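Pasting query-v8.pdb here (PDB, C-alpha atoms and all ligand atoms):
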MODEL        1
ATOM      1  CA  MET A  28      -2.981  29.436   7.785
ATOM      2  CA  ILE A  29      -0.769  26.530   6.730
ATOM      3  CA  ILE A  30      -1.463  25.060   3.295
ATOM      4  CA  PHE A  31      -0.755  21.366   2.741
ATOM      5  CA  LYS A  32      -0.739  19.687  -0.649
ATOM      6  CA  GLN A  33       0.649  16.343   0.461
ATOM      7  CA  ALA A  34      -1.566  13.970   2.391
ATOM      8  CA  SER A  35       1.277  12.310   4.341
ATOM      9  CA  GLN A  36       2.618  15.665   5.543
ATOM     10  CA  LEU A  37      -0.806  16.751   6.752
ATOM     11  CA  THR A  38      -1.397  13.454   8.558
ATOM     12  CA  THR A  39       1.956  13.674  10.332
ATOM     13  CA  TYR A  40       1.368  17.306  11.304
ATOM     14  CA  LEU A  41      -2.090  16.585  12.719
ATOM     15  CA  GLN A  42      -0.882  13.531  14.617
ATOM     16  CA  THR A  43       1.759  15.675  16.323
ATOM     17  CA  GLN A  44      -0.849  18.294  17.182
ATOM     18  CA  LYS A  45      -3.198  15.649  18.566
ATOM     19  CA  GLN A  46      -0.449  14.283  20.793
ATOM     20  CA  THR A  47      -0.325  17.673  22.489
ATOM     21  CA  GLY A  48      -4.039  17.340  23.244
ATOM     22  CA  LYS A  49      -5.379  19.570  20.475
ATOM     23  CA  ARG A  50      -8.904  18.918  19.260
ATOM     24  CA  ILE A  51      -9.361  19.010  15.511
ATOM     25  CA  GLY A  52     -12.394  20.126  13.497
ATOM     26  CA  PHE A  53     -12.664  19.417   9.775
ATOM     27  CA  ALA A  54     -14.862  20.865   7.013
ATOM     28  CA  PRO A  55     -14.430  19.183   3.618
ATOM     29  CA  THR A  56     -15.433  21.330   0.622
ATOM     30  CA  MET A  57     -15.113  21.559  -3.142
ATOM     31  CA  GLY A  58     -14.078  25.231  -3.022
ATOM     32  CA  ALA A  59     -15.635  28.306  -4.648
ATOM     33  CA  LEU A  60     -16.243  29.189  -1.040
ATOM     34  CA  HIS A  61     -19.091  31.360   0.221
ATOM     35  CA  GLN A  62     -20.515  32.369   3.585
ATOM     36  CA  GLY A  63     -22.198  28.956   3.948
ATOM     37  CA  HIS A  64     -18.805  27.257   3.912
ATOM     38  CA  LEU A  65     -17.423  29.897   6.273
ATOM     39  CA  GLN A  66     -20.190  29.087   8.698
ATOM     40  CA  LEU A  67     -18.815  25.537   8.879
ATOM     41  CA  ILE A  68     -15.384  27.016   9.630
ATOM     42  CA  GLU A  69     -16.899  29.219  12.323
ATOM     43  CA  HIS A  70     -18.577  26.227  13.993
ATOM     44  CA  ALA A  71     -15.350  24.215  13.726
ATOM     45  CA  ARG A  72     -13.356  27.039  15.303
ATOM     46  CA  SER A  73     -15.710  27.393  18.223
ATOM     47  CA  GLY A  74     -15.545  23.684  19.104
ATOM     48  CA  ASN A  75     -11.889  22.831  18.447
ATOM     49  CA  ASP A  76      -8.294  23.988  18.839
ATOM     50  CA  LEU A  77      -7.415  23.502  15.173
ATOM     51  CA  THR A  78      -9.669  23.941  12.150
ATOM     52  CA  VAL A  79      -8.935  22.134   8.898
ATOM     53  CA  CYS A  80     -10.643  22.862   5.570
ATOM     54  CA  SER A  81     -10.084  20.837   2.421
ATOM     55  CA  ILE A  82     -10.738  21.993  -1.118
ATOM     56  CA  PHE A  83     -10.970  19.148  -3.580
ATOM     57  CA  VAL A  84     -13.365  18.865  -6.503
ATOM     58  CA  ASN A  85     -13.926  15.133  -6.299
ATOM     59  CA  PRO A  86     -14.390  13.671  -9.787
ATOM     60  CA  THR A  87     -15.994  10.438  -8.593
ATOM     61  CA  GLN A  88     -19.108  12.131  -7.226
ATOM     62  CA  PHE A  89     -20.042  13.846 -10.497
ATOM     63  CA  ASN A  90     -22.430  11.864 -12.636
ATOM     64  CA  ASN A  91     -22.530  14.699 -15.195
ATOM     65  CA  PRO A  92     -19.174  15.476 -16.906
ATOM     66  CA  GLU A  93     -20.255  19.035 -17.804
ATOM     67  CA  ASP A  94     -21.105  19.774 -14.168
ATOM     68  CA  PHE A  95     -17.589  18.606 -13.193
ATOM     69  CA  GLN A  96     -15.876  20.568 -15.954
ATOM     70  CA  LYS A  97     -17.769  23.769 -15.200
ATOM     71  CA  TYR A  98     -17.535  23.504 -11.425
ATOM     72  CA  PRO A  99     -16.391  26.996 -10.314
ATOM     73  CA  LYS A 100     -12.794  27.391  -9.132
ATOM     74  CA  THR A 101     -11.766  30.474  -7.148
ATOM     75  CA  LEU A 102      -8.749  29.249  -5.161
ATOM     76  CA  GLU A 103      -7.075  32.613  -4.499
ATOM     77  CA  LYS A 104     -10.260  34.124  -3.167
ATOM     78  CA  ASP A 105     -10.953  30.942  -1.166
ATOM     79  CA  ILE A 106      -7.561  31.264   0.548
ATOM     80  CA  GLU A 107      -8.292  34.899   1.441
ATOM     81  CA  LEU A 108     -11.707  33.996   2.832
ATOM     82  CA  LEU A 109     -10.293  31.138   4.906
ATOM     83  CA  ILE A 110      -7.548  33.344   6.349
ATOM     84  CA  GLY A 111     -10.189  35.962   7.171
ATOM     85  CA  ALA A 112     -12.327  33.307   8.851
ATOM     86  CA  GLY A 113      -9.427  32.138  11.034
ATOM     87  CA  CYS A 114      -9.027  28.702   9.463
ATOM     88  CA  ASP A 115      -5.744  27.111  10.618
ATOM     89  CA  ILE A 116      -5.059  24.552   7.909
ATOM     90  CA  LEU A 117      -6.040  24.225   4.264
ATOM     91  CA  PHE A 118      -5.582  20.947   2.393
ATOM     92  CA  ILE A 119      -5.566  21.234  -1.408
ATOM     93  CA  PRO A 120      -4.618  17.825  -2.735
ATOM     94  CA  THR A 121      -4.414  16.571  -6.291
ATOM     95  CA  LYS A 122      -6.490  13.559  -7.252
ATOM     96  CA  GLU A 123      -3.365  11.394  -6.923
ATOM     97  CA  GLU A 124      -2.874  12.507  -3.300
ATOM     98  CA  VAL A 125      -6.417  11.517  -2.362
ATOM     99  CA  TYR A 126      -6.865   8.370  -4.441
ATOM    100  CA  PRO A 127      -3.957   5.956  -3.900
ATOM    101  CA  ASP A 128      -2.397   4.123  -6.853
ATOM    102  CA  ASN A 129      -4.367   0.993  -7.704
ATOM    103  CA  TYR A 130      -7.326   2.267  -5.689
ATOM    104  CA  ILE A 131     -10.267  -0.082  -5.877
ATOM    105  CA  ALA A 132     -13.483   1.641  -4.854
ATOM    106  CA  PRO A 133     -15.305  -0.283  -2.135
ATOM    107  CA  HIS A 134     -19.060  -0.569  -2.294
ATOM    108  CA  TYR A 135     -20.706   1.253   0.594
ATOM    109  CA  ASP A 136     -23.998  -0.252   1.708
ATOM    110  CA  LEU A 137     -26.164   2.840   1.979
ATOM    111  CA  GLY A 138     -29.465   0.964   1.824
ATOM    112  CA  TYR A 139     -32.451   2.823   0.412
ATOM    113  CA  LEU A 140     -30.706   6.211   0.777
ATOM    114  CA  GLU A 141     -28.759   5.349  -2.362
ATOM    115  CA  ASN A 142     -31.888   5.039  -4.515
ATOM    116  CA  ILE A 143     -34.080   7.957  -3.464
ATOM    117  CA  LEU A 144     -34.022  11.701  -4.233
ATOM    118  CA  GLU A 145     -30.399  12.688  -5.042
ATOM    119  CA  GLY A 146     -29.461   9.020  -5.229
ATOM    120  CA  GLU A 147     -32.154   8.330  -7.807
ATOM    121  CA  HIS A 148     -31.329  11.360  -9.947
ATOM    122  CA  ARG A 149     -27.538  11.198  -9.626
ATOM    123  CA  PRO A 150     -26.618   7.514  -9.942
ATOM    124  CA  GLY A 151     -23.308   6.759  -8.252
ATOM    125  CA  HIS A 152     -23.125  10.196  -6.616
ATOM    126  CA  PHE A 153     -23.263   9.006  -3.019
ATOM    127  CA  GLN A 154     -20.773   6.187  -3.618
ATOM    128  CA  GLY A 155     -18.393   8.908  -4.873
ATOM    129  CA  VAL A 156     -19.110  11.100  -1.842
ATOM    130  CA  CYS A 157     -18.426   8.164   0.486
ATOM    131  CA  GLN A 158     -15.208   7.294  -1.341
ATOM    132  CA  VAL A 159     -13.764  10.772  -0.983
ATOM    133  CA  VAL A 160     -14.879  11.369   2.601
ATOM    134  CA  ASP A 161     -13.629   7.917   3.625
ATOM    135  CA  LEU A 162     -10.214   8.690   2.095
ATOM    136  CA  LEU A 163     -10.127  12.231   3.520
ATOM    137  CA  LEU A 164     -10.914  10.940   7.005
ATOM    138  CA  ASN A 165      -7.980   8.536   6.695
ATOM    139  CA  ILE A 166      -5.771  11.573   6.005
ATOM    140  CA  VAL A 167      -7.348  14.131   8.348
ATOM    141  CA  HIS A 168      -7.640  12.425  11.721
ATOM    142  CA  THR A 169     -10.348  14.691  13.026
ATOM    143  CA  ASP A 170     -12.397  14.766  16.206
ATOM    144  CA  ASN A 171     -15.295  16.672  14.685
ATOM    145  CA  LEU A 172     -16.667  16.749  11.163
ATOM    146  CA  TYR A 173     -18.767  19.710   9.978
ATOM    147  CA  LEU A 174     -21.381  19.293   7.246
ATOM    148  CA  GLY A 175     -24.054  21.608   5.859
ATOM    149  CA  GLN A 176     -27.763  20.829   6.202
ATOM    150  CA  LYS A 177     -28.153  22.215   2.697
ATOM    151  CA  ASP A 178     -27.056  18.749   1.577
ATOM    152  CA  PHE A 179     -29.504  17.044   3.907
ATOM    153  CA  GLN A 180     -29.383  13.608   2.313
ATOM    154  CA  GLN A 181     -25.583  13.790   2.239
ATOM    155  CA  CYS A 182     -25.642  14.345   6.021
ATOM    156  CA  MET A 183     -27.630  11.117   6.379
ATOM    157  CA  VAL A 184     -25.358   9.229   3.985
ATOM    158  CA  LEU A 185     -22.243  10.366   5.847
ATOM    159  CA  THR A 186     -23.801   9.380   9.167
ATOM    160  CA  ARG A 187     -24.091   5.915   7.631
ATOM    161  CA  LEU A 188     -20.482   6.097   6.351
ATOM    162  CA  LEU A 189     -19.209   6.715   9.878
ATOM    163  CA  GLU A 190     -21.196   3.698  11.089
ATOM    164  CA  ILE A 191     -19.659   1.602   8.297
ATOM    165  CA  ARG A 192     -16.154   2.872   9.152
ATOM    166  CA  GLY A 193     -16.829   2.310  12.845
ATOM    167  CA  SER A 194     -15.044   5.597  13.421
ATOM    168  CA  ARG A 195     -15.473   7.971  16.297
ATOM    169  CA  GLU A 196     -15.686  11.408  14.669
ATOM    170  CA  HIS A 197     -18.570  13.518  15.931
ATOM    171  CA  LEU A 198     -20.824  14.877  13.212
ATOM    172  CA  HIS A 199     -22.145  18.449  13.296
ATOM    173  CA  PHE A 200     -24.864  19.575  10.908
ATOM    174  CA  VAL A 201     -24.717  23.309  10.271
ATOM    175  CA  PRO A 202     -27.843  25.258   9.185
ATOM    176  CA  THR A 203     -28.139  26.496   5.605
ATOM    177  CA  LYS A 204     -26.852  29.998   4.953
ATOM    178  CA  ARG A 205     -29.057  31.958   2.557
ATOM    179  CA  GLU A 206     -28.827  35.086   0.417
ATOM    180  CA  ALA A 207     -31.060  38.006   1.402
ATOM    181  CA  ASP A 208     -33.826  36.784  -0.964
ATOM    182  CA  GLY A 209     -33.705  33.269   0.497
ATOM    183  CA  LEU A 210     -31.643  31.508  -2.178
ATOM    184  CA  ALA A 211     -29.436  28.912  -0.480
ATOM    185  CA  MET A 212     -25.790  29.836  -0.965
ATOM    186  CA  SER A 213     -24.096  27.414  -3.332
ATOM    187  CA  SER A 214     -20.920  27.387  -5.379
ATOM    188  CA  ARG A 215     -23.047  26.614  -8.424
ATOM    189  CA  ASN A 216     -24.864  29.958  -8.005
ATOM    190  CA  LEU A 217     -21.742  31.501  -9.576
ATOM    191  CA  ARG A 218     -22.801  29.895 -12.855
ATOM    192  CA  LEU A 219     -26.204  31.637 -12.909
ATOM    193  CA  ASN A 220     -26.626  34.635 -15.207
ATOM    194  CA  GLU A 221     -28.550  37.663 -13.968
ATOM    195  CA  SER A 222     -32.023  36.488 -14.971
ATOM    196  CA  GLN A 223     -31.377  32.939 -13.772
ATOM    197  CA  ARG A 224     -30.144  34.347 -10.455
ATOM    198  CA  GLU A 225     -33.449  36.182 -10.061
ATOM    199  CA  LEU A 226     -35.459  33.061 -10.923
ATOM    200  CA  ALA A 227     -33.378  30.833  -8.655
ATOM    201  CA  THR A 228     -35.039  32.185  -5.518
ATOM    202  CA  THR A 229     -38.244  30.437  -6.646
ATOM    203  CA  ILE A 230     -36.848  27.273  -5.052
ATOM    204  CA  TYR A 231     -36.872  28.946  -1.651
ATOM    205  CA  GLN A 232     -40.279  30.482  -2.319
ATOM    206  CA  VAL A 233     -41.701  27.054  -3.102
ATOM    207  CA  LEU A 234     -40.239  25.638   0.126
ATOM    208  CA  GLU A 235     -41.928  28.493   2.005
ATOM    209  CA  TYR A 236     -45.154  27.743   0.132
ATOM    210  CA  LEU A 237     -44.970  24.075   1.201
ATOM    211  CA  LYS A 238     -44.426  25.141   4.788
ATOM    212  CA  ALA A 239     -47.280  27.654   4.780
ATOM    213  CA  ASN A 240     -49.725  25.132   3.283
ATOM    214  CA  ILE A 241     -48.642  21.940   4.985
ATOM    215  CA  ASN A 242     -52.005  21.575   6.721
ATOM    216  CA  ALA A 243     -54.100  23.059   3.900
ATOM    217  CA  LEU A 244     -53.506  20.544   1.089
ATOM    218  CA  SER A 245     -52.744  16.845   0.853
ATOM    219  CA  ILE A 246     -49.044  15.973   0.671
ATOM    220  CA  SER A 247     -49.247  14.840  -2.949
ATOM    221  CA  ASP A 248     -51.244  17.916  -4.021
ATOM    222  CA  LEU A 249     -48.686  20.149  -2.344
ATOM    223  CA  GLU A 250     -45.786  18.391  -4.059
ATOM    224  CA  GLN A 251     -47.547  18.733  -7.406
ATOM    225  CA  ALA A 252     -48.334  22.423  -6.812
ATOM    226  CA  GLY A 253     -44.689  23.099  -5.937
ATOM    227  CA  ARG A 254     -43.508  21.295  -9.054
ATOM    228  CA  THR A 255     -45.928  23.294 -11.221
ATOM    229  CA  GLN A 256     -44.742  26.615  -9.747
ATOM    230  CA  LEU A 257     -41.139  25.749 -10.617
ATOM    231  CA  GLU A 258     -41.982  24.479 -14.091
ATOM    232  CA  GLN A 259     -43.968  27.636 -14.831
ATOM    233  CA  ARG A 260     -40.822  29.646 -14.138
ATOM    234  CA  GLY A 261     -38.734  27.547 -16.499
ATOM    235  CA  PHE A 262     -37.148  24.978 -14.179
ATOM    236  CA  ALA A 263     -36.618  21.361 -15.133
ATOM    237  CA  VAL A 264     -37.675  19.676 -11.897
ATOM    238  CA  ASP A 265     -36.054  16.485 -10.619
ATOM    239  CA  TYR A 266     -38.193  16.366  -7.486
ATOM    240  CA  VAL A 267     -40.330  18.341  -5.087
ATOM    241  CA  ALA A 268     -40.650  15.919  -2.192
ATOM    242  CA  ILE A 269     -42.173  16.049   1.260
ATOM    243  CA  CYS A 270     -40.443  13.450   3.399
ATOM    244  CA  ASN A 271     -40.069  12.237   6.940
ATOM    245  CA  ALA A 272     -37.146  14.289   8.282
ATOM    246  CA  ASP A 273     -35.749  11.355  10.257
ATOM    247  CA  THR A 274     -35.817   8.744   7.500
ATOM    248  CA  LEU A 275     -36.224  10.715   4.229
ATOM    249  CA  LEU A 276     -38.946   8.255   3.240
ATOM    250  CA  ALA A 277     -42.086   9.710   1.615
ATOM    251  CA  ALA A 278     -44.238  11.355   4.272
ATOM    252  CA  GLN A 279     -47.493   9.617   5.096
ATOM    253  CA  SER A 280     -49.065  12.236   7.354
ATOM    254  CA  THR A 281     -48.464  15.692   8.777
ATOM    255  CA  ASN A 282     -47.969  14.172  12.235
ATOM    256  CA  GLU A 283     -44.478  13.150  11.224
ATOM    257  CA  PRO A 284     -41.423  15.459  11.367
ATOM    258  CA  LEU A 285     -41.516  16.792   7.816
ATOM    259  CA  ILE A 286     -38.918  18.180   5.451
ATOM    260  CA  GLY A 287     -39.444  19.577   1.952
ATOM    261  CA  LEU A 288     -36.676  18.873  -0.559
ATOM    262  CA  ILE A 289     -36.256  20.269  -4.045
ATOM    263  CA  ALA A 290     -33.834  19.608  -6.894
ATOM    264  CA  ALA A 291     -34.369  21.624 -10.053
ATOM    265  CA  SER A 292     -32.284  22.950 -12.915
ATOM    266  CA  LEU A 293     -32.153  26.209 -14.795
ATOM    267  CA  ASP A 294     -30.544  25.433 -18.115
ATOM    268  CA  THR A 295     -27.834  22.954 -17.050
ATOM    269  CA  ILE A 296     -27.312  24.423 -13.585
ATOM    270  CA  ARG A 297     -28.773  22.076 -11.012
ATOM    271  CA  LEU A 298     -29.726  23.512  -7.628
ATOM    272  CA  ILE A 299     -30.922  21.774  -4.465
ATOM    273  CA  ASP A 300     -32.441  23.036  -1.244
ATOM    274  CA  ASN A 301     -34.544  21.835   1.662
ATOM    275  CA  GLU A 302     -36.419  23.155   4.651
ATOM    276  CA  ARG A 303     -38.119  21.691   7.704
ATOM    277  CA  LEU A 304     -41.877  22.078   7.279
ATOM    278  CA  ASN A 305     -43.134  21.578  10.835
TER
HETATM  279  P1  LIG A 401     -19.515  21.792  -1.271
HETATM  280  O1  LIG A 401     -18.292  22.641  -1.405
HETATM  281  O2  LIG A 401     -20.697  22.300  -2.005
HETATM  282  O3  LIG A 401     -19.228  20.326  -1.474
HETATM  283  O4  LIG A 401     -19.948  21.922   0.254
HETATM  284  C1  LIG A 401     -19.042  21.669   1.298
HETATM  285  C2  LIG A 401     -19.815  21.679   2.597
HETATM  286  O5  LIG A 401     -20.428  22.961   2.776
HETATM  287  C3  LIG A 401     -20.953  20.641   2.628
HETATM  288  O6  LIG A 401     -21.011  20.072   3.922
HETATM  289  C4  LIG A 401     -22.161  21.490   2.325
HETATM  290  O7  LIG A 401     -23.357  20.943   2.829
HETATM  291  C5  LIG A 401     -21.806  22.788   3.023
HETATM  292  N1  LIG A 401     -22.587  23.902   2.460
HETATM  293  C6  LIG A 401     -22.725  24.217   1.148
HETATM  294  N2  LIG A 401     -23.563  25.266   1.004
HETATM  295  C7  LIG A 401     -23.967  25.620   2.248
HETATM  296  C8  LIG A 401     -24.840  26.635   2.764
HETATM  297  N3  LIG A 401     -25.486  27.491   1.969
HETATM  298  N4  LIG A 401     -25.019  26.709   4.097
HETATM  299  C9  LIG A 401     -24.373  25.831   4.929
HETATM  300  N5  LIG A 401     -23.537  24.857   4.500
HETATM  301  C10 LIG A 401     -23.333  24.750   3.182
ENDMDL
END
Please lay out the structure from this file as structure tokens.
Amino acid sequence: MIIFKQASQLTTYLQTQKQTGKRIGFAPTMGALHQGHLQLIEHARSGNDLTVCSIFVNPTQFNNPEDFQKYPKTLEKDIELLIGAGCDILFIPTKEEVYPDNYIAPHYDLGYLENILEGEHRPGHFQGVCQVVDLLLNIVHTDNLYLGQKDFQQCMVLTRLLEIRGSREHLHFVPTKREADGLAMSSRNLRLNESQRELATTIYQVLEYLKANINALSISDLEQAGRTQLEQRGFAVDYVAICNADTLLAAQSTNEPLIGLIAASLDTIRLIDNERLN
């Protein structure tokens, strides 16, 4: 695996590779890698000649300074995992490499996606995500971009970003990798203590509950019941939402394609997850 720290060097290297007809797959991450991330690498490897992973904890997408400060960092282990997974190129830039001098953040028109669910509870988050992915895509000229369905709304936002950029990368949404008890793998899980780790699986259990009862209760009663189950186990709940899986707007009936989405915190550790309900 070749490690690049300088954006210009990586761009030049990839351009040369592309000229020889190589197809490039790219998985951007914030590190503290787990099997969920490695699944993106696996998908990228199977569809491309060269697989690129980036590790960059992007400050502009954090609306909570403590979350940014405490974001887990495990670079040495990440490098080992990526080598083991057969990743070809790792990009670990500094903030200065990603954000040019005198950078002026554009405003990305994300429509209603900006103001619902994650957008509502993390103001500015998706603008920050778009900034960094926009800049990374200018550095990593990729054919295919791999994203995790765990961040379902992010997948929709980045679909919109590619429309705004008018760029031709193909998007691939990779299913959520879970622990044996159902907890969605997440870098933030590293911050959970033993009892919080046990409680954290409640999020998955509530998603399963929503799925099992989707025809038994009204949508709003189900959302309320899910919220109550989480609160009873000590979570501060941002949302338990049943939405149309194509639009992410509030579901009106069970005839629509439905997705359940949850964001809830244990202490200051905020976890998100989602699951298709029909
Ligand atoms: P992050 O490092 O959390 O910013 O995530 C980098 C990429 O990995 C994003 O596209 C995430 O959606 C994806 N990802 C994170 N966790 C998982 C998981 N458990 N399963 C699949 N993909 C994931």
Using only C-alpha atoms and all ligand atoms, what table do you get, as JSON lines, when you list each residue of chain A with an atom no more than 6 Å from ligand LIG 401 (chain A), its nearest pair of atoms, and their distance in Å rounded to one decimal, rows by chain then rising number?
{"residue": "A:Pro55", "atom": "CA", "partner": "A:LIG401", "partner_atom": "C1", "distance": 5.7}
{"residue": "A:Thr56", "atom": "CA", "partner": "A:LIG401", "partner_atom": "C1", "distance": 3.7}
{"residue": "A:Met57", "atom": "CA", "partner": "A:LIG401", "partner_atom": "O1", "distance": 3.8}
{"residue": "A:Gly58", "atom": "CA", "partner": "A:LIG401", "partner_atom": "O1", "distance": 5.2}
{"residue": "A:Gly63", "atom": "CA", "partner": "A:LIG401", "partner_atom": "N4", "distance": 3.6}
{"residue": "A:His64", "atom": "CA", "partner": "A:LIG401", "partner_atom": "O5", "distance": 4.7}
{"residue": "A:Leu174", "atom": "CA", "partner": "A:LIG401", "partner_atom": "O6", "distance": 3.4}
{"residue": "A:Gly175", "atom": "CA", "partner": "A:LIG401", "partner_atom": "O7", "distance": 3.2}
{"residue": "A:Gln176", "atom": "CA", "partner": "A:LIG401", "partner_atom": "O7", "distance": 5.6}
{"residue": "A:Lys177", "atom": "CA", "partner": "A:LIG401", "partner_atom": "O7", "distance": 5.0}
{"residue": "A:Asp178", "atom": "CA", "partner": "A:LIG401", "partner_atom": "O7", "distance": 4.5}
{"residue": "A:Val201", "atom": "CA", "partner": "A:LIG401", "partner_atom": "C9", "distance": 5.9}
{"residue": "A:Pro202", "atom": "CA", "partner": "A:LIG401", "partner_atom": "C9", "distance": 5.5}
{"residue": "A:Thr203", "atom": "CA", "partner": "A:LIG401", "partner_atom": "N4", "distance": 3.5}
{"residue": "A:Lys204", "atom": "CA", "partner": "A:LIG401", "partner_atom": "N4", "distance": 3.9}
{"residue": "A:Arg205", "atom": "CA", "partner": "A:LIG401", "partner_atom": "N3", "distance": 5.7}
{"residue": "A:Ala211", "atom": "CA", "partner": "A:LIG401", "partner_atom": "N3", "distance": 4.9}
{"residue": "A:Met212", "atom": "CA", "partner": "A:LIG401", "partner_atom": "N3", "distance": 3.8}
{"residue": "A:Ser213", "atom": "CA", "partner": "A:LIG401", "partner_atom": "N2", "distance": 4.9}
Starting from the shown file, work through the PyMOL selection byres (((chain A and resi 235-241) around 8) and not hetatm) and note down what comes out as a PyMOL selection string. chain A and resi 231-234+242-246+249-250+253+281+287+303-305
Quick one: apply the PyMOL selection byres (((chain A and resi 28) around 10) and not hetatm) to the file and drop the selected residues here as a PyMOL selection string. chain A and resi 29-31+78-79+106-107+109-111+113-117
Residues in the PyMOL selection byres (((chain A and resi 37) around 12) and not hetatm), expressed as a ChimeraX atom specification: /A:29-36,38-44,79-81,116-120,124-125,163-169
Between CA of Gly209 (chain A) and CA of Leu185 (chain A) - distance in Å to one decimal: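 Separating CA of Leu185 (chain A) from CA of Gly209 (chain A) is a distance of 26.2 Å.
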Enter the distance from CA of Thr121 (chain A) to CA of Pro86 (chain A), in Å, rounded to one decimal.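 Distance reported for this atom pair: 11.0 Å.
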Interatomic distance, CA of Asp76 (chain A) to CA of Glu123 (chain A) (Å, one decimal):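 Distance between the two atoms: 29.1 Å.
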Near Met183 (chain A), counting all atoms listed in the file, which residues have an atom at most 12 Å away, once you skip same-chain residues fewer than 5 positions from it, shown as number ranges by chain? A: 137-141, 145-146, 153, 156-157, 174-178, 188-190, 198-200, 272-275
From (-9.8, 13.0, 21.3), in the file's coordinates, out to 10 Å: which residues are reached, counting all atoms listed in the file? Answer as a ChimeraX atom specification. /A:45-46,48-51,168-171,195-196
Please, what is the axis-aligned box for every listed atom of region 194-211 of chain A with 4 Å on each side, as centre and edge lengths in Å to one decimal, as AutoDock Vina command-line options?
--center_x -24.4 --center_y 21.8 --center_z 7.1 --size_x 26.8 --size_y 40.4 --size_z 26.5
Closest of A:Ala132, A:Leu298, A:Ala278, A:Leu77 to Thr228 (chain A) - atom-to-atom distances counting all atoms listed in the file: A:Leu298
From the set A:Thr255, A:Thr186, A:Gln62, A:Ser214, which residue has the shortest atom-to-atom contact distance to Lys100 (chain A), counting all atoms listed in the file?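 The answer is A:Ser214, which sits nearest to Lys100 (chain A).
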Fewer than 3 positions away in the same chain doesn't count, so skip those; otherwise give me all residues within 10 Å of region 260-268 of chain A, counting only C-alpha atoms, as a PDB file with C-alpha atoms, in the coordinates of the input.
ATOM      1  CA  LEU A 144     -34.022  11.701  -4.233  1.00  0.00           C
ATOM      2  CA  GLU A 145     -30.399  12.688  -5.042  1.00  0.00           C
ATOM      3  CA  GLU A 147     -32.154   8.330  -7.807  1.00  0.00           C
ATOM      4  CA  HIS A 148     -31.329  11.360  -9.947  1.00  0.00           C
ATOM      5  CA  GLN A 223     -31.377  32.939 -13.772  1.00  0.00           C
ATOM      6  CA  LEU A 226     -35.459  33.061 -10.923  1.00  0.00           C
ATOM      7  CA  ALA A 227     -33.378  30.833  -8.655  1.00  0.00           C
ATOM      8  CA  THR A 229     -38.244  30.437  -6.646  1.00  0.00           C
ATOM      9  CA  ILE A 230     -36.848  27.273  -5.052  1.00  0.00           C
ATOM     10  CA  VAL A 233     -41.701  27.054  -3.102  1.00  0.00           C
ATOM     11  CA  LEU A 234     -40.239  25.638   0.126  1.00  0.00           C
ATOM     12  CA  LEU A 237     -44.970  24.075   1.201  1.00  0.00           C
ATOM     13  CA  ILE A 246     -49.044  15.973   0.671  1.00  0.00           C
ATOM     14  CA  SER A 247     -49.247  14.840  -2.949  1.00  0.00           C
ATOM     15  CA  LEU A 249     -48.686  20.149  -2.344  1.00  0.00           C
ATOM     16  CA  GLU A 250     -45.786  18.391  -4.059  1.00  0.00           C
ATOM     17  CA  GLN A 251     -47.547  18.733  -7.406  1.00  0.00           C
ATOM     18  CA  ALA A 252     -48.334  22.423  -6.812  1.00  0.00           C
ATOM     19  CA  GLY A 253     -44.689  23.099  -5.937  1.00  0.00           C
ATOM     20  CA  ARG A 254     -43.508  21.295  -9.054  1.00  0.00           C
ATOM     21  CA  THR A 255     -45.928  23.294 -11.221  1.00  0.00           C
ATOM     22  CA  GLN A 256     -44.742  26.615  -9.747  1.00  0.00           C
ATOM     23  CA  LEU A 257     -41.139  25.749 -10.617  1.00  0.00           C
ATOM     24  CA  ASN A 271     -40.069  12.237   6.940  1.00  0.00           C
ATOM     25  CA  LEU A 275     -36.224  10.715   4.229  1.00  0.00           C
ATOM     26  CA  LEU A 276     -38.946   8.255   3.240  1.00  0.00           C
ATOM     27  CA  ALA A 277     -42.086   9.710   1.615  1.00  0.00           C
ATOM     28  CA  ALA A 278     -44.238  11.355   4.272  1.00  0.00           C
ATOM     29  CA  ILE A 286     -38.918  18.180   5.451  1.00  0.00           C
ATOM     30  CA  GLY A 287     -39.444  19.577   1.952  1.00  0.00           C
ATOM     31  CA  LEU A 288     -36.676  18.873  -0.559  1.00  0.00           C
ATOM     32  CA  ILE A 289     -36.256  20.269  -4.045  1.00  0.00           C
ATOM     33  CA  ALA A 290     -33.834  19.608  -6.894  1.00  0.00           C
ATOM     34  CA  ALA A 291     -34.369  21.624 -10.053  1.00  0.00           C
ATOM     35  CA  SER A 292     -32.284  22.950 -12.915  1.00  0.00           C
ATOM     36  CA  LEU A 293     -32.153  26.209 -14.795  1.00  0.00           C
ATOM     37  CA  ASP A 294     -30.544  25.433 -18.115  1.00  0.00           C
ATOM     38  CA  THR A 295     -27.834  22.954 -17.050  1.00  0.00           C
ATOM     39  CA  ILE A 296     -27.312  24.423 -13.585  1.00  0.00           C
ATOM     40  CA  ARG A 297     -28.773  22.076 -11.012  1.00  0.00           C
ATOM     41  CA  LEU A 298     -29.726  23.512  -7.628  1.00  0.00           C
ATOM     42  CA  ILE A 299     -30.922  21.774  -4.465  1.00  0.00           C
ATOM     43  CA  ASP A 300     -32.441  23.036  -1.244  1.00  0.00           C
ATOM     44  CA  ASN A 301     -34.544  21.835   1.662  1.00  0.00           C
TER      45      ASN A 301
END
Choose the residue, out of A:His70, A:Arg187, A:His61, A:His134, that has the smallest atom-to-atom separation from Thr101 (chain A); count only C-alpha atoms. A:His61
Pick out the closest residue to Gly193 (chain A) from this set: A:Pro150, A:Asp248, A:Asp161, A:Cys270. Count only C-alpha atoms.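 Comparing A:Pro150, A:Asp248, A:Asp161, A:Cys270 against Gly193 (chain A), the winner is A:Asp161.
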